[in-house]
Amino acid sequence: MSLDLSIDRGAMTIGEKLGQISWSLVFLITLVASIGFAMLYSAANGHFDPWASRQMLRFGVGLVVMLLIALIDIRLWMKLAYPLYGIVMVLLIGVDLFGNVGKGAQRWIDLGIIQLQPSEIMKVTLVMVLARYFHGATLEDSGRIPFLIPPLLLVGAPVALVLAQPNLGTSLMLIMAAGALFFLSGVRLWKFGLLIAAVIIAVPLTWQFVLHDYQRDRVETFLDPDSDPLGTGYHITQSKIAFGSGGLMGKGFLQGTQSHLNFLPEKQTDFIFTMLAEEFGLVGSLFFLFLYGLLLLYGFVIAGRCRHQFGKLLALGVTVNLFLYLFINVAMIMGLIPVVGVPLPLISYGGTATLGVMIGFGLLLSVHVHRDVRMSRRGMGDL
Amino acid sequence: MSAYDRDAERQRMLSRRTLVLGGMQVAAVSALVGRLYYLQIVERDRYSMLADDNRISLRLVAPPRGQILDRFGVPLAVNEQNFSVTVVSERAGDVRQILDEVGKLVPLTEADERRIQRDLQRSRAFAPITIKENLSWDQVSAIEVNLPDLPGISIDVGQVRSYPFGEALAHVLGYVGAATDKDLEKSDDPLLTLPGFRIGKGGVEKQFDSALRGAAGTQQLEVNAVGRVIRELSRDNGQPGRETTLTLDAKLQHYVHQRLSAEMSAAAVVMDVRTGGIQALCSCPAFDPNQFAMGIGYDAYQTLLKDERTPLINKAIAGQYPPGSTFKMITALAALESGIVNADHRVNCSGHIELGSHRFHCWRRGGHGTLDMVGALMNSCDVYFYDLAQRIGMDRIAAMARKFGLGDKVGLELPGERPGLVPDPAWKRRALKAAWHPGETLIASMGQGYVLATPLQLAVMTARLASGHAVQPHLAKMIEGQYREQTEWPRIDVKPENLAVVLKGMNAVTNVPGGTAYKSRITIPGMEMAGKSGSAQVRRISMAERNSGVRKNEDLAWRERDHALFVAYAPVEAPKYACAVFVEHGSSGGGVAGPIARDILLECQMLDAARASVAQQPEPAAAPSRPDAGSTGQ
């Protein structure tokens with residue numbers, strides 16, 4: 001295949017495209033999701049209702065969406081980057097204005113069938129739009145400050161809206177994913193240094209004027225978990241107990257005492273990996289991390305094999321997003337970082353996070369299928 | 001630089017930075033793995049323990065309290081099932097409606113309703129809440145029948161201490177009650193912290209509490225985060241309380257109680273003169289220990305507390321009274337033992353005796369004429385004993401009194417025993433910082449003045465006189481499977497011939513016409529009793545009153561009347577039972593206390609006779625339930 005550089009993948013038939021899809025990645029995704037089903041089954045004390053069955057349905061829908069996205073030409077996605085970003089921005093504004101309040105934050109719009117969290121979708125669209133912006137950029141472009149102003153605005157607008165919900169975790173994820181793309185696009189490190197310095201100055205001000213009480217509590221609890229053993233710290237304490245008592249081999253499927261006796265909070269969402277670690281021990285958690293690591297590796301490999309800047313940046317952005325989910329969630333439930341309320345995609349129960357990640361995987365697959373398409377510097381190519 | 005070169009440079013930059021990004025991710029995931037290793041391997045034991053702490057709730061299991069039996073195995077204190085109706089609100093659906101339904105079967109007071117509402121608000125939805133306790137059998141069955149229509153309702157069976165003999169044994173057995181803060185300070189038994197757990201609060205229940213209580217069991221329960229019990233992991237029932245057998249005879253006790261109940265306020269003690277085993281010990285009026293075990297109300301308790309007849313005090317061991325003429329045996333024996341006088345010593349009683357400027361009166365104004373020692377005891381002549389007292393002095397009298405169990409606690413296994421008082425000059429110097437007055441010896445010689453004794457002490461004194469042995473009273477026959485009854489006691493250091501004189505005097509009191517209690521004699525051959533009456537003056541009789549004529553007891557208010565006492569033993573020939581009867585403000589020892597003592601001693605012997613005749617017939621059903629019962633002291 002590597003010799004066949006001249007092939008015009010834009011002109012591939014559906015059948016050819018299906019053949020190009022990385023079915024091993026699809027299998028890996030399904031495998032990880034299946035572990036999630038098993039854990040949701042366990043979370044409901046050995047019942048498919050209410051979580052596992054619905055999650056399977058959602059995953060099924062997500063799988064179809066993912067494959068459809070994968071088959072659509074990457075250049076079309078590039079064209080659609082700005083309009084999609086615009087649509088999600090409108091949804092985000094809508095959430096801030098009319099959204100339902102869940103756990104002290106306005107996060108979702110009830111569409112009847114699905115409770116849509118636009119912030120989760122924004123994680124993907126932000127990557128798309130930044131990949132689109134930096135697609136044609138030379139290193140000189142990336143060195144010019146005026147060139148960096150528009151993408152900073154592209155990041156700043158959704159971050160401000162998500163922060164206003166308020167949702168600190170998602171805001172941080174947006175910033176970090178965007179930062180990764182800036183970094184990959186060749187922005188000088190001293191500029192990051194400058195930004196970080198600005199943040200250090202801004203943090204006390206944010207603490208004082210922007211953060212909500214519950215967010216301050218969370219950070220304070222992280223700094224001193226024993227100060228509030230029955231409040232926010234209680235969750236982390238119980239989660240650590242669940243991890244530790246799982247030991248090397250775990251307590252066995254459906255046998256986790258911390259989770260099944262409800263000492264573990266939110267076991268079907270944020271703390272689902274805790275339950276996995278309790279029931280399957282270190283062996284189980286390492287195996288799971290290995291599978292997740294493979295997913296990330298696929299992302300890097302696909303980026304490496306892609307011949308156009310947009311595809312590379314998109315694949316890496318999606319991968320970074322996935323990594324951020326994993327790291328923030330797992331580090332949080334093990335007490336390494338503050339509680340920020342980030343789910344573990346494919347495993348945690350939740351509609352939009354699953355959908356968002358499946359869209360991301362769809363784009364990743366699309367990058368892979370269309371890795372060799374020709375694209376002009378401005379990205380319009382010859383579609 | 002060509003566009004191609006720029007592109008290539010950009011590609012190299014991207015590859016380099018991708019590697020950096022990948023490296024950072026590897027480092028981050030490694031940190032996660034390290035954390036996992038730390039939590040799941042290094043800290044595993046600590047967290048496993050914490051997980052178990054979380055899920056395992058240790059609960060105490062209360063052991064059943066040991067029964068208390070009489071010497072023949074008749075149950076005196078038992079555990080009865082106590083039925084209560086409870087509701088679990090999460091299963092009841094509409095709690096209000098269910099409560100109304102239950103209210104139709106079991107009447108609920110407004111106070112009940114308030115308590116239920118409070119508990120409903122305080123408790124978790126799965127925790128049972130008591131609606132009503134102590135249900136009657138009819139109420140239990142009414143609820144049982146309707147259970148299918150009463151979701152969330154269930155009948156709980158608890159244990160409540162029950163005293164079948166009620167008031168008759170109230171003072172001996174005491175009762176059980178919840179542990180107070182003081183009890184908790186004194187003991188570290190975890191059972192005391194158990195809600196609803198009862199400990200002995202008086203009498204035998206308190207004295208032998210550790211044996212009766214048993215040891216706590218434990219129950220390991222798996223609970224979830226809100227405390228709901230998921231399942232029982234293990235259970236250890238602990239050590240049930242041990243049975244305690246007393247020396248008492250329940251039938252006799254019942255009889256004594258009934259006999260004393262005819263009086264306003266009285267106490268009696270019956271003991272075996274050879275073993276010291278208490279056969280009956282009763283103080284009237286009493287209280288119903290069942291009421292206490294269930295939790296007595298404030299008003300009922302205040303009524304008991306304020307009653308001038310002191311129903312809450314066990315007068316048999318904690319009531320200290322002047323023994324009056326029942327003390328004269330001690331004076332007589334002290335005189336004989338001193339060698340200063342013998343039984344033939346004669347005194348002419350003219351009705352009074354002069355000592356210095358004071359005149360000491362005999363109870364018979366006209367005097368008794370000339371009496372020897374037996375005659376003096378038979379007539380209870382005060383002047384005769386004034387004479388003896390003058391001759392031998394207080395120290396000899398006091399020493400003899402102490403030999404016979406007066407003046408200090410006799411050590412019966414009951415809480416609250418009082419020591420009484422045997423005065424002597426040394427005591428008076430110490431306690432009252434005053435010199436002994438010779439006249440006080442005279443007063444003491446007839447059991448008045450400073451002398452105080454409990455009915456129990458008088459019974460011990462009588463038993464020691466009758467047996468000549470230093471018997472100690474005791475209540476426990478068998479505790480924790482061990483026989484406690486001592487049957488051999490050392491002889492008292494007095495000459496048998498001197499003791500015989502005193503016993504002859506006591507015999508004359510009841511069995512020789514003219515004796516102060518001849519009317520109260522037992523006429524059945526072989527069951528005759530010997531005794532001594534006593535009437536203890538409660539008020540001071542002024543010279544003016546004596547001149548104008550001492551008022552009769554019937555004319556006085558109850559509180560001012562003399563105490564009536566009687567001590568006796570039977571049968572005369574081979575003494576077996578000693579008895580002391582005290583009737584508070586009963587006026588006349590011979591007339592009031594004497595007949596009671598007679599009836600009690602007669603009942604003792606009749607019961608023995610009845611049991612002996614039953615035992616001769618091979619009828620297992622009528623035999624005492626315990627094979628060893630009645631083997632001692634029969």
# chains A, B, ... in the order shown; residues from 1 in each chain; ligands from 1
call {"tool": "closest_atom_pairs", "arguments": {"of": "chain A", "to": "chain B", "cutoff": "6 Å", "atoms": "only C-alpha atoms", "output": "Markdown table"}}
result
| residue | atom | partner | partner_atom | distance |
| --- | --- | --- | --- | --- |
| A:Leu184 | CA | B:Leu14 | CA | 5.6 |
| A:Ile241 | CA | B:Tyr47 | CA | 4.8 |
| A:Phe243 | CA | B:Gln40 | CA | 5.9 |
| A:Gly244 | CA | B:Gln40 | CA | 4.2 |
| A:Ser245 | CA | B:Ser48 | CA | 4.0 |
| A:Gly247 | CA | B:Gln40 | CA | 4.4 |
| A:Leu261 | CA | B:Asn224 | CA | 4.2 |
| A:Asn262 | CA | B:Ala225 | CA | 5.3 |
| A:Phe263 | CA | B:Ala225 | CA | 4.8 |
call {"tool": "write_last_selection", "arguments": {"atoms": "N, CA and C atoms", "output": "PDB file, in the first residue's frame"}}
result
ATOM      1  N   LEU A 184       1.677  21.215  19.272  1.00  0.00           N
ATOM      2  CA  LEU A 184       1.998  20.399  18.098  1.00  0.00           C
ATOM      3  C   LEU A 184       2.172  21.266  16.849  1.00  0.00           C
ATOM      4  N   ILE A 241     -10.171   3.264  49.551  1.00  0.00           N
ATOM      5  CA  ILE A 241     -10.379   2.016  50.297  1.00  0.00           C
ATOM      6  C   ILE A 241     -10.760   0.901  49.322  1.00  0.00           C
ATOM      7  N   PHE A 243     -10.028   0.691  46.106  1.00  0.00           N
ATOM      8  CA  PHE A 243      -8.831   0.309  45.365  1.00  0.00           C
ATOM      9  C   PHE A 243      -7.964  -0.628  46.200  1.00  0.00           C
ATOM     10  N   GLY A 244      -7.615  -0.141  47.391  1.00  0.00           N
ATOM     11  CA  GLY A 244      -6.671  -0.869  48.235  1.00  0.00           C
ATOM     12  C   GLY A 244      -7.176  -2.242  48.616  1.00  0.00           C
ATOM     13  N   SER A 245      -8.474  -2.318  48.971  1.00  0.00           N
ATOM     14  CA  SER A 245      -8.987  -3.599  49.429  1.00  0.00           C
ATOM     15  C   SER A 245      -9.140  -4.576  48.276  1.00  0.00           C
ATOM     16  N   GLY A 247      -6.754  -5.254  46.215  1.00  0.00           N
ATOM     17  CA  GLY A 247      -5.513  -6.022  46.244  1.00  0.00           C
ATOM     18  C   GLY A 247      -5.051  -6.449  44.869  1.00  0.00           C
ATOM     19  N   LEU A 261     -22.178  -2.220  48.590  1.00  0.00           N
ATOM     20  CA  LEU A 261     -22.815  -1.766  49.825  1.00  0.00           C
ATOM     21  C   LEU A 261     -22.935  -0.238  49.836  1.00  0.00           C
ATOM     22  N   ASN A 262     -22.702   0.356  48.661  1.00  0.00           N
ATOM     23  CA  ASN A 262     -22.947   1.786  48.462  1.00  0.00           C
ATOM     24  C   ASN A 262     -22.007   2.713  49.216  1.00  0.00           C
ATOM     25  N   PHE A 263     -20.862   2.191  49.668  1.00  0.00           N
ATOM     26  CA  PHE A 263     -19.911   3.114  50.272  1.00  0.00           C
ATOM     27  C   PHE A 263     -19.289   3.979  49.181  1.00  0.00           C
TER      28      PHE A 263
END
call {"tool": "select_by_dssp", "arguments": {"residues": "range 40-217 of chain B", "states": "strand (DSSP E or B)", "output": "PyMOL selection string"}}
result
chain B and resi 56-61+68-69+75-88+128-132+153-162+176-178+198-200+215+217
call {"tool": "write_last_selection", "arguments": {"atoms": "C-alpha atoms", "output": "PDB file, in the first residue's frame"}}
result
ATOM      1  CA  ILE B  56     -18.894  -5.149  59.158  1.00  0.00           C
ATOM      2  CA  SER B  57     -20.882  -3.940  62.073  1.00  0.00           C
ATOM      3  CA  LEU B  58     -20.299  -5.717  65.355  1.00  0.00           C
ATOM      4  CA  ARG B  59     -23.391  -5.922  67.468  1.00  0.00           C
ATOM      5  CA  LEU B  60     -23.726  -7.237  70.953  1.00  0.00           C
ATOM      6  CA  VAL B  61     -26.091 -10.087  71.586  1.00  0.00           C
ATOM      7  CA  ILE B  68     -33.706 -17.319  90.247  1.00  0.00           C
ATOM      8  CA  LEU B  69     -35.182 -20.365  91.963  1.00  0.00           C
ATOM      9  CA  PRO B  75     -38.991 -20.121  89.806  1.00  0.00           C
ATOM     10  CA  LEU B  76     -38.889 -16.759  91.546  1.00  0.00           C
ATOM     11  CA  ALA B  77     -37.565 -14.617  88.713  1.00  0.00           C
ATOM     12  CA  VAL B  78     -37.923 -15.678  85.095  1.00  0.00           C
ATOM     13  CA  ASN B  79     -37.692 -14.206  81.631  1.00  0.00           C
ATOM     14  CA  GLU B  80     -40.942 -13.838  79.829  1.00  0.00           C
ATOM     15  CA  GLN B  81     -41.588 -13.042  76.246  1.00  0.00           C
ATOM     16  CA  ASN B  82     -42.618  -9.503  75.720  1.00  0.00           C
ATOM     17  CA  PHE B  83     -44.445  -8.742  72.522  1.00  0.00           C
ATOM     18  CA  SER B  84     -44.246  -5.436  70.753  1.00  0.00           C
ATOM     19  CA  VAL B  85     -45.529  -4.266  67.409  1.00  0.00           C
ATOM     20  CA  THR B  86     -43.132  -2.473  65.089  1.00  0.00           C
ATOM     21  CA  VAL B  87     -43.338  -0.795  61.722  1.00  0.00           C
ATOM     22  CA  VAL B  88     -40.767  -0.472  58.974  1.00  0.00           C
ATOM     23  CA  PRO B 128     -38.083  -0.840  62.635  1.00  0.00           C
ATOM     24  CA  ILE B 129     -39.867   1.571  64.914  1.00  0.00           C
ATOM     25  CA  THR B 130     -41.670   0.345  67.979  1.00  0.00           C
ATOM     26  CA  ILE B 131     -45.339   1.255  67.950  1.00  0.00           C
ATOM     27  CA  LYS B 132     -46.373  -0.316  71.227  1.00  0.00           C
ATOM     28  CA  ILE B 153     -45.952  -4.233  60.474  1.00  0.00           C
ATOM     29  CA  SER B 154     -44.400  -7.021  62.462  1.00  0.00           C
ATOM     30  CA  ILE B 155     -44.526  -8.469  65.946  1.00  0.00           C
ATOM     31  CA  ASP B 156     -41.243  -8.445  67.840  1.00  0.00           C
ATOM     32  CA  VAL B 157     -40.502 -10.768  70.692  1.00  0.00           C
ATOM     33  CA  GLY B 158     -38.314  -9.414  73.437  1.00  0.00           C
ATOM     34  CA  GLN B 159     -37.580 -10.624  76.913  1.00  0.00           C
ATOM     35  CA  VAL B 160     -38.835  -9.035  80.056  1.00  0.00           C
ATOM     36  CA  ARG B 161     -38.018 -10.049  83.602  1.00  0.00           C
ATOM     37  CA  SER B 162     -41.001 -11.414  85.424  1.00  0.00           C
ATOM     38  CA  VAL B 176     -33.872  -5.097  87.018  1.00  0.00           C
ATOM     39  CA  GLY B 177     -33.550  -1.777  85.291  1.00  0.00           C
ATOM     40  CA  ALA B 178     -31.536   0.049  82.665  1.00  0.00           C
ATOM     41  CA  ARG B 198     -31.386  -4.536  82.154  1.00  0.00           C
ATOM     42  CA  ILE B 199     -29.151  -5.096  85.133  1.00  0.00           C
ATOM     43  CA  GLY B 200     -29.942  -5.976  88.738  1.00  0.00           C
ATOM     44  CA  ALA B 215     -21.501 -12.609  79.049  1.00  0.00           C
ATOM     45  CA  GLY B 217     -22.308 -12.495  72.582  1.00  0.00           C
TER      46      GLY B 217
END
call {"tool": "residues_around", "arguments": {"residues": "range 34-37 of chain A", "least_positions_apart": "4", "cutoff": "10 Å", "atoms": "only C-alpha atoms", "output": "ChimeraX atom specification"}}
result
/A:28-30,41-43,48,51-56,59,268,272-273,276,288,344-349
call {"tool": "closest_residue", "arguments": {"among": "B:Val512, B:Ile392, B:Cys284, B:Leu377", "to": "Gly339 in chain B", "atoms": "only C-alpha atoms"}}
result
B:Ile392
call {"tool": "select_by_dssp", "arguments": {"residues": "range 172-236 of chain B", "states": "helix (DSSP H, G or I)", "output": "list in words"}}
result
Val172, Leu173, Asp181, Lys182, Asp183, Leu184, Glu185, Lys186, Pro190, Leu191, Leu192, Thr193, Gly203, Val204, Glu205, Lys206, Gln207, Asp209, Ser210, Ala211, Leu212 and Arg213 of chain B
call {"tool": "residues_around", "arguments": {"residues": "Ser261 in chain B", "least_positions_apart": "4", "cutoff": "8 Å", "atoms": "only C-alpha atoms", "output": "PyMOL selection string"}}
result
chain B and resi 257+265-266+284-285
call {"tool": "residues_around", "arguments": {"residues": "range 274-278 of chain B", "least_positions_apart": "4", "cutoff": "7 Å", "atoms": "only C-alpha atoms", "output": "tab-separated table (two decimals) with C-alpha atoms, in the first residue's frame"}}
result
chain	number	residue	atom	x	y	z
B	247	THR	CA	-32.29	-20.99	100.33
B	248	LEU	CA	-35.77	-19.48	100.36
B	270	VAL	CA	-37.15	-16.98	109.11
B	467	SER	CA	-28.48	-23.80	118.19
B	471	VAL	CA	-24.59	-19.60	112.34
B	472	GLN	CA	-24.31	-17.01	109.60
B	473	PRO	CA	-27.36	-16.20	107.54
B	474	HIS	CA	-27.17	-16.70	103.81
B	475	LEU	CA	-29.49	-16.66	100.83
B	486	GLN	CA	-22.54	-23.97	104.74
B	487	THR	CA	-24.07	-26.34	107.24
B	488	GLU	CA	-21.40	-26.58	109.94
B	576	LYS	CA	-34.97	-26.03	113.52
B	633	GLY	CA	-32.20	-28.31	106.35
call {"tool": "residues_around", "arguments": {"residues": "Thr352 in chain A", "least_positions_apart": "6", "cutoff": "8 Å", "atoms": "only C-alpha atoms", "output": "ChimeraX atom specification"}}
result
/A:114-117,120-121
call {"tool": "write_last_selection", "arguments": {"atoms": "N, CA and C atoms", "output": "PDB file, in the first residue's frame"}}
result
ATOM      1  N   ILE A 114     -32.316  12.263  24.150  1.00  0.00           N
ATOM      2  CA  ILE A 114     -31.008  12.298  24.792  1.00  0.00           C
ATOM      3  C   ILE A 114     -30.858  13.623  25.508  1.00  0.00           C
ATOM      4  N   GLN A 115     -30.184  13.548  26.651  1.00  0.00           N
ATOM      5  CA  GLN A 115     -29.885  14.788  27.355  1.00  0.00           C
ATOM      6  C   GLN A 115     -28.510  15.236  26.880  1.00  0.00           C
ATOM      7  N   LEU A 116     -28.522  16.247  26.036  1.00  0.00           N
ATOM      8  CA  LEU A 116     -27.301  16.613  25.334  1.00  0.00           C
ATOM      9  C   LEU A 116     -26.468  17.568  26.178  1.00  0.00           C
ATOM     10  N   GLN A 117     -25.189  17.191  26.348  1.00  0.00           N
ATOM     11  CA  GLN A 117     -24.250  18.115  26.980  1.00  0.00           C
ATOM     12  C   GLN A 117     -23.371  18.682  25.881  1.00  0.00           C
ATOM     13  N   GLU A 120     -19.502  18.387  25.992  1.00  0.00           N
ATOM     14  CA  GLU A 120     -18.815  17.148  25.599  1.00  0.00           C
ATOM     15  C   GLU A 120     -18.550  17.146  24.094  1.00  0.00           C
ATOM     16  N   ILE A 121     -19.541  17.618  23.321  1.00  0.00           N
ATOM     17  CA  ILE A 121     -19.371  17.672  21.862  1.00  0.00           C
ATOM     18  C   ILE A 121     -18.306  18.703  21.508  1.00  0.00           C
TER      19      ILE A 121
END
call {"tool": "residues_around", "arguments": {"residues": "range 321-323 of chain A", "least_positions_apart": "5", "cutoff": "10 Å", "atoms": "only C-alpha atoms", "output": "list in words"}}
result
Lys123, Val124, Val127, Met173, Leu174, Met176, Ala177, Ala178, Ala180, Tyr292, Gly293, Leu295, Leu296, Gly299, Ala315, Leu316, Ile328, Asn329, Leu344, Pro345, Val357, Gly360 and Phe361 of chain A; Gln25, Ala28 and Val29 of chain B
call {"tool": "write_last_selection", "arguments": {"atoms": "N, CA and C atoms", "output": "PDB file, in the first residue's frame"}}
result
ATOM      1  N   LYS A 123     -15.635  19.305  22.947  1.00  0.00           N
ATOM      2  CA  LYS A 123     -14.283  18.751  23.035  1.00  0.00           C
ATOM      3  C   LYS A 123     -13.810  18.275  21.664  1.00  0.00           C
ATOM      4  N   VAL A 124     -14.749  17.708  20.882  1.00  0.00           N
ATOM      5  CA  VAL A 124     -14.384  17.227  19.546  1.00  0.00           C
ATOM      6  C   VAL A 124     -14.309  18.383  18.561  1.00  0.00           C
ATOM      7  N   VAL A 127     -11.247  20.537  18.748  1.00  0.00           N
ATOM      8  CA  VAL A 127     -10.093  19.898  18.104  1.00  0.00           C
ATOM      9  C   VAL A 127     -10.193  20.055  16.591  1.00  0.00           C
ATOM     10  N   MET A 173     -10.156  20.555  30.514  1.00  0.00           N
ATOM     11  CA  MET A 173      -9.878  19.615  29.420  1.00  0.00           C
ATOM     12  C   MET A 173      -9.795  20.347  28.082  1.00  0.00           C
ATOM     13  N   LEU A 174     -10.717  21.297  27.883  1.00  0.00           N
ATOM     14  CA  LEU A 174     -10.698  22.073  26.635  1.00  0.00           C
ATOM     15  C   LEU A 174      -9.379  22.823  26.517  1.00  0.00           C
ATOM     16  N   MET A 176      -6.512  22.179  27.970  1.00  0.00           N
ATOM     17  CA  MET A 176      -5.346  21.305  27.806  1.00  0.00           C
ATOM     18  C   MET A 176      -5.281  20.695  26.409  1.00  0.00           C
ATOM     19  N   ALA A 177      -6.442  20.270  25.883  1.00  0.00           N
ATOM     20  CA  ALA A 177      -6.450  19.709  24.532  1.00  0.00           C
ATOM     21  C   ALA A 177      -6.019  20.774  23.524  1.00  0.00           C
ATOM     22  N   ALA A 178      -6.534  21.989  23.699  1.00  0.00           N
ATOM     23  CA  ALA A 178      -6.158  23.080  22.811  1.00  0.00           C
ATOM     24  C   ALA A 178      -4.668  23.371  22.938  1.00  0.00           C
ATOM     25  N   ALA A 180      -2.365  21.338  23.701  1.00  0.00           N
ATOM     26  CA  ALA A 180      -1.619  20.292  22.998  1.00  0.00           C
ATOM     27  C   ALA A 180      -1.549  20.608  21.508  1.00  0.00           C
ATOM     28  N   TYR A 292      -6.611   0.558  27.237  1.00  0.00           N
ATOM     29  CA  TYR A 292      -6.785   1.976  26.971  1.00  0.00           C
ATOM     30  C   TYR A 292      -5.526   2.548  26.325  1.00  0.00           C
ATOM     31  N   GLY A 293      -4.375   2.071  26.820  1.00  0.00           N
ATOM     32  CA  GLY A 293      -3.104   2.489  26.230  1.00  0.00           C
ATOM     33  C   GLY A 293      -3.033   2.118  24.757  1.00  0.00           C
ATOM     34  N   LEU A 295      -5.558   1.887  22.750  1.00  0.00           N
ATOM     35  CA  LEU A 295      -6.395   2.845  22.032  1.00  0.00           C
ATOM     36  C   LEU A 295      -5.603   4.109  21.718  1.00  0.00           C
ATOM     37  N   LEU A 296      -4.864   4.594  22.743  1.00  0.00           N
ATOM     38  CA  LEU A 296      -4.060   5.799  22.549  1.00  0.00           C
ATOM     39  C   LEU A 296      -2.984   5.550  21.489  1.00  0.00           C
ATOM     40  N   GLY A 299      -4.199   5.888  18.103  1.00  0.00           N
ATOM     41  CA  GLY A 299      -4.319   7.296  17.759  1.00  0.00           C
ATOM     42  C   GLY A 299      -3.002   7.845  17.246  1.00  0.00           C
ATOM     43  N   ALA A 315      -6.215  13.660  14.539  1.00  0.00           N
ATOM     44  CA  ALA A 315      -6.002  12.371  15.203  1.00  0.00           C
ATOM     45  C   ALA A 315      -5.338  12.581  16.550  1.00  0.00           C
ATOM     46  N   LEU A 316      -4.307  13.442  16.576  1.00  0.00           N
ATOM     47  CA  LEU A 316      -3.616  13.678  17.847  1.00  0.00           C
ATOM     48  C   LEU A 316      -4.533  14.378  18.851  1.00  0.00           C
ATOM     49  N   ILE A 328      -7.400  12.226  33.898  1.00  0.00           N
ATOM     50  CA  ILE A 328      -8.084  13.033  34.916  1.00  0.00           C
ATOM     51  C   ILE A 328      -9.010  12.163  35.747  1.00  0.00           C
ATOM     52  N   ASN A 329      -9.751  11.280  35.067  1.00  0.00           N
ATOM     53  CA  ASN A 329     -10.679  10.428  35.812  1.00  0.00           C
ATOM     54  C   ASN A 329      -9.943   9.501  36.768  1.00  0.00           C
ATOM     55  N   LEU A 344     -15.164   8.385  32.639  1.00  0.00           N
ATOM     56  CA  LEU A 344     -14.217   7.551  31.904  1.00  0.00           C
ATOM     57  C   LEU A 344     -14.937   7.065  30.649  1.00  0.00           C
ATOM     58  N   PRO A 345     -14.624   7.625  29.476  1.00  0.00           N
ATOM     59  CA  PRO A 345     -15.410   7.336  28.277  1.00  0.00           C
ATOM     60  C   PRO A 345     -15.406   5.842  27.930  1.00  0.00           C
ATOM     61  N   VAL A 357     -17.152  10.707  22.438  1.00  0.00           N
ATOM     62  CA  VAL A 357     -15.968   9.883  22.197  1.00  0.00           C
ATOM     63  C   VAL A 357     -16.134   9.060  20.926  1.00  0.00           C
ATOM     64  N   GLY A 360     -15.417  11.174  18.102  1.00  0.00           N
ATOM     65  CA  GLY A 360     -13.965  11.307  18.021  1.00  0.00           C
ATOM     66  C   GLY A 360     -13.333  10.116  17.339  1.00  0.00           C
ATOM     67  N   PHE A 361     -13.753   8.916  17.752  1.00  0.00           N
ATOM     68  CA  PHE A 361     -13.223   7.703  17.119  1.00  0.00           C
ATOM     69  C   PHE A 361     -13.593   7.649  15.641  1.00  0.00           C
TER      70      PHE A 361
ATOM     71  N   GLN B  25       2.531  11.358  27.980  1.00  0.00           N
ATOM     72  CA  GLN B  25       1.400  10.468  28.279  1.00  0.00           C
ATOM     73  C   GLN B  25       1.883   9.180  28.937  1.00  0.00           C
ATOM     74  N   ALA B  28       2.643   9.978  32.413  1.00  0.00           N
ATOM     75  CA  ALA B  28       1.426  10.155  33.212  1.00  0.00           C
ATOM     76  C   ALA B  28       0.775   8.813  33.534  1.00  0.00           C
ATOM     77  N   VAL B  29       0.701   7.945  32.512  1.00  0.00           N
ATOM     78  CA  VAL B  29       0.088   6.640  32.755  1.00  0.00           C
ATOM     79  C   VAL B  29       0.951   5.837  33.732  1.00  0.00           C
TER      80      VAL B  29
END
